[in-house]
Amino acid sequence: MSVNLRVCTGCGAPLQSESPDLPGFIPETAAARDEPVCQRCFRIRHYGEFSPIHVSETEYEQEVRRVLADPGHVLYVVDVFDLPGSRIPQMGRWLRGKSVWFIANKIDLLPAEVRPDKLWPWLDSEMAKEGITPERHFAISAETGQGVAELERAIAESPEQRWVVLGMANVGKSTLLNRLFHRWMGTSPLTISRQPGTTLGAVAVKVAVEGATRTVIDTPGLVQGRRIVDLLCPRCLKAVVPRSRLRPRVYQLQPGQTLWLGGVARFDFVDGPWQPFVVYVSNDLVVHRTKLEKATEFGARHADDLLRVPCATCRQRLGDLVMHPLIGGAARAPRSMQGALRLPAGTRGGDVVVAGLGWIAQFGRPFTGRLWLPGGMEVQTRPRLI
Ligand SMILES: Nc1nc2c(ncn2[C@@H]2O[C@H](COP(=O)(O)OP(=O)(O)OP(=O)(O)O)[C@@H](O)[C@H]2O)c(=O)[nH]1
Ligand SMILES: [Mg+2]
Ligand SMILES: [Zn+2]
Ligand SMILES: [Zn+2]
């Protein structure tokens, strides 16, 4: 393996031995090693200690443009579980003229009933918003390895020598590359962590792939500060970010009932016939049914015991939940609900997707409702995935 020796081989930060509190610090005695790893990476790997370092959007853009200035193929990675949160608004412009393969990662979290090919129409329409038309698609799990062999084969068969991995922070870029590197050279040099903002600079690794040399470049992700993973403390993240395949939770609701999803979000069924809703969120997040008229009081009283997340500190940072009106089926929108998000009518129904948290499936019957979320968090609707 050959690497650029002036940067940390785990996170890409330029190495330095002067300031222990700045990125890339490495004691002088360790700097001479073959594959030097900075103190921060060492601590993440061995103690699970994460010291947040903010890479600004400007620095991020500079790094991406620098890496894209040379020719090469782009692997654009998104998190299928947080697609709206995976979109980098300027990416379409930066990628103009580049060959892009689209990697939908974390499919291990999707319920077993979701066939990856059913994802493409939705994923493609999201990508099209950025002006990105990928040449190929891969649905993978960097965590379990599902789908990775196919990507590996495609890279080996392509004549392209230089490969750049891009994507929002925390979508699993470094995890994916570690898996590929492990297959190609038996080591996994990149630092990964549950927190966004782990990789700090480009890390170029030269590998032999079936006799041909390839340069594969990991890059930092963009941290926008508006996703649920950007907003919660490590303890709250543990409950909210799913670690295993989502188990559907079915609720037959009457109008006037509310579901609290932990204390992070609240779903009110205001009006419509009795009907089922299926909640797909982290299995570690409590879903609690209560009466709509008592929901606010319930949320305040049980924030710390039953609902548990967000913790008091995170609650303070997040502020009050913001209300988003919803309309499903053929329900007519009362004037008070203008601007409401509409779920597709008919028997198919739709999903209310909360970036980074999960989604709630509705089955096309008339309903009006509300979703309450921390300010800045995005909600979307799409045709039902399942
Ligand atoms: N469930 C699941 N988790 C994944 C998968 N791939 C990565 N992760 C997790 O996602 C988190 C972020 O992974 P990283 O590889 O550090 O993500 P990154 O895109 O390199 O992030 P930055 O370096 O911050 O830009 C870690 O907790 C990983 O374990 C996957 O396929 N499935
Ligand atoms: Mg990374
Ligand atoms: Zn490092
Ligand atoms: Zn917290």
# chains A, B, ... in the order shown; residues from 1 in each chain; ligands from 1
call {"tool": "select_by_dssp", "arguments": {"residues": "range 136-278 of chain A", "states": "strand (DSSP E or B)", "output": "short mmCIF file (atom, residue, chain, number, x, y, z; two decimals) with C-alpha atoms, in the first residue's frame"}}
result
data_model
loop_
_atom_site.label_atom_id
_atom_site.label_comp_id
_atom_site.auth_asym_id
_atom_site.auth_seq_id
_atom_site.Cartn_x
_atom_site.Cartn_y
_atom_site.Cartn_z
CA ARG A 136 -24.83 3.17 -12.88
CA HIS A 137 -26.52 2.30 -9.60
CA PHE A 138 -25.40 0.10 -6.76
CA ALA A 139 -27.46 -0.70 -3.69
CA ARG A 162 -8.62 7.07 -10.40
CA TRP A 163 -11.69 6.78 -8.20
CA VAL A 164 -13.07 9.46 -5.91
CA VAL A 165 -15.64 8.78 -3.21
CA LEU A 166 -17.93 11.71 -2.41
CA VAL A 203 -6.88 10.25 1.68
CA ALA A 204 -5.49 8.69 -1.50
CA VAL A 205 -4.67 4.99 -1.43
CA LYS A 206 -2.95 3.11 -4.26
CA VAL A 207 -4.08 -0.49 -4.57
CA ALA A 208 -3.55 -3.35 -6.95
CA VAL A 209 -6.89 -4.57 -8.29
CA ALA A 212 -3.98 -3.15 -12.36
CA THR A 213 -3.15 -0.19 -10.15
CA ARG A 214 -6.02 1.96 -8.94
CA THR A 215 -5.89 5.13 -6.88
CA VAL A 216 -8.91 5.35 -4.63
CA ILE A 217 -9.57 8.58 -2.77
CA ASP A 218 -11.67 8.98 0.37
CA ARG A 249 -44.67 -1.21 14.07
CA VAL A 250 -48.35 -1.19 13.16
CA TYR A 251 -50.87 1.13 14.84
CA GLN A 252 -54.62 1.14 14.20
CA LEU A 253 -55.43 4.75 15.04
CA GLN A 257 -54.77 9.95 18.70
CA THR A 258 -51.09 10.81 18.69
CA LEU A 259 -47.89 8.81 18.38
CA TRP A 260 -44.78 10.09 20.09
CA LEU A 261 -41.59 8.80 18.39
CA ALA A 265 -41.10 13.64 16.71
CA ARG A 266 -44.83 13.51 17.18
CA PHE A 267 -47.50 12.34 14.74
CA ASP A 268 -51.10 13.51 15.24
CA PHE A 269 -54.05 11.83 13.53
CA VAL A 270 -56.51 14.72 13.51
CA ASP A 271 -59.38 13.63 11.30
CA GLN A 275 -57.07 3.32 9.87
CA PRO A 276 -53.64 1.69 10.15
CA PHE A 277 -50.30 3.50 10.16
CA VAL A 278 -46.98 1.68 10.10
#
call {"tool": "residues_near_ligand", "arguments": {"ligand": "ligand 3", "cutoff": "9 Å", "atoms": "only C-alpha atoms and all ligand atoms", "output": "PyMOL selection string"}}
result
chain A and resi 7-15+23-26+36-42+190-191+198-200
call {"tool": "residues_near_ligand", "arguments": {"ligand": "ligand 1", "cutoff": "8 Å", "atoms": "only C-alpha atoms and all ligand atoms", "output": "ChimeraX atom specification"}}
result
/A:11,77,105-109,140-145,167-176,191-200,218-223,242-245
call {"tool": "residues_around", "arguments": {"residues": "Arg384 in chain A", "least_positions_apart": "4", "cutoff": "12 Å", "atoms": "only C-alpha atoms", "output": "tab-separated table (two decimals) with C-alpha atoms, in the first residue's frame"}}
result
chain	number	residue	atom	x	y	z
A	113	GLU	CA	-39.72	-6.37	2.04
A	114	VAL	CA	-38.01	-3.45	0.27
A	118	LYS	CA	-37.99	-0.23	-6.01
A	119	LEU	CA	-35.76	2.47	-4.57
A	121	PRO	CA	-37.28	5.87	-9.05
A	122	TRP	CA	-37.33	7.73	-5.76
A	277	PHE	CA	-50.30	3.50	10.16
A	278	VAL	CA	-46.98	1.68	10.10
A	280	TYR	CA	-40.49	2.53	10.58
A	343	LEU	CA	-49.79	11.86	0.59
A	344	PRO	CA	-50.75	10.09	-2.63
A	345	ALA	CA	-54.43	9.08	-2.76
A	346	GLY	CA	-55.82	5.68	-3.64
A	347	THR	CA	-55.15	2.28	-2.20
A	348	ARG	CA	-51.40	2.55	-2.51
A	349	GLY	CA	-51.04	5.45	-0.12
A	350	GLY	CA	-47.70	6.97	0.76
A	351	ASP	CA	-44.84	7.35	3.23
A	352	VAL	CA	-44.19	10.41	5.34
A	353	VAL	CA	-40.41	10.47	5.36
A	359	TRP	CA	-40.94	7.04	7.90
A	360	ILE	CA	-44.63	6.43	8.56
A	361	ALA	CA	-46.68	4.54	5.98
A	362	GLN	CA	-50.28	5.56	5.31
A	363	PHE	CA	-52.61	3.55	3.12
A	364	GLY	CA	-54.50	6.03	0.99
A	380	GLN	CA	-41.13	14.64	2.54
call {"tool": "select_by_dssp", "arguments": {"residues": "range 16-256 of chain A", "states": "helix (DSSP H, G or I)", "output": "VMD selection string"}}
result
chain A and resid 28 to 31 39 to 47 57 to 68 80 to 86 91 to 94 107 to 109 116 to 128 148 to 157 173 to 185 228 to 231 234 to 240
call {"tool": "residues_near_ligand", "arguments": {"ligand": "ligand 4", "cutoff": "6 Å", "atoms": "only C-alpha atoms and all ligand atoms", "output": "list of chain:residue names"}}
result
A:Leu232, A:Cys233, A:Arg235, A:Cys236, A:Pro310, A:Cys311, A:Thr313, A:Cys314
call {"tool": "closest_residue", "arguments": {"among": "A:Ala340, A:Ala202, A:Leu231, A:Ala355", "to": "ligand 2", "atoms": "only C-alpha atoms and all ligand atoms"}}
result
A:Ala202
call {"tool": "atom_distance", "arguments": {"atom1": "CA of Gly201 in chain A", "atom2": "CA of Trp101 in chain A"}}
result
21.5 Å
call {"tool": "closest_residue", "arguments": {"among": "A:Met91, A:Val241, A:Leu177, A:Ile327", "to": "ligand 2", "atoms": "only C-alpha atoms and all ligand atoms"}}
result
A:Leu177
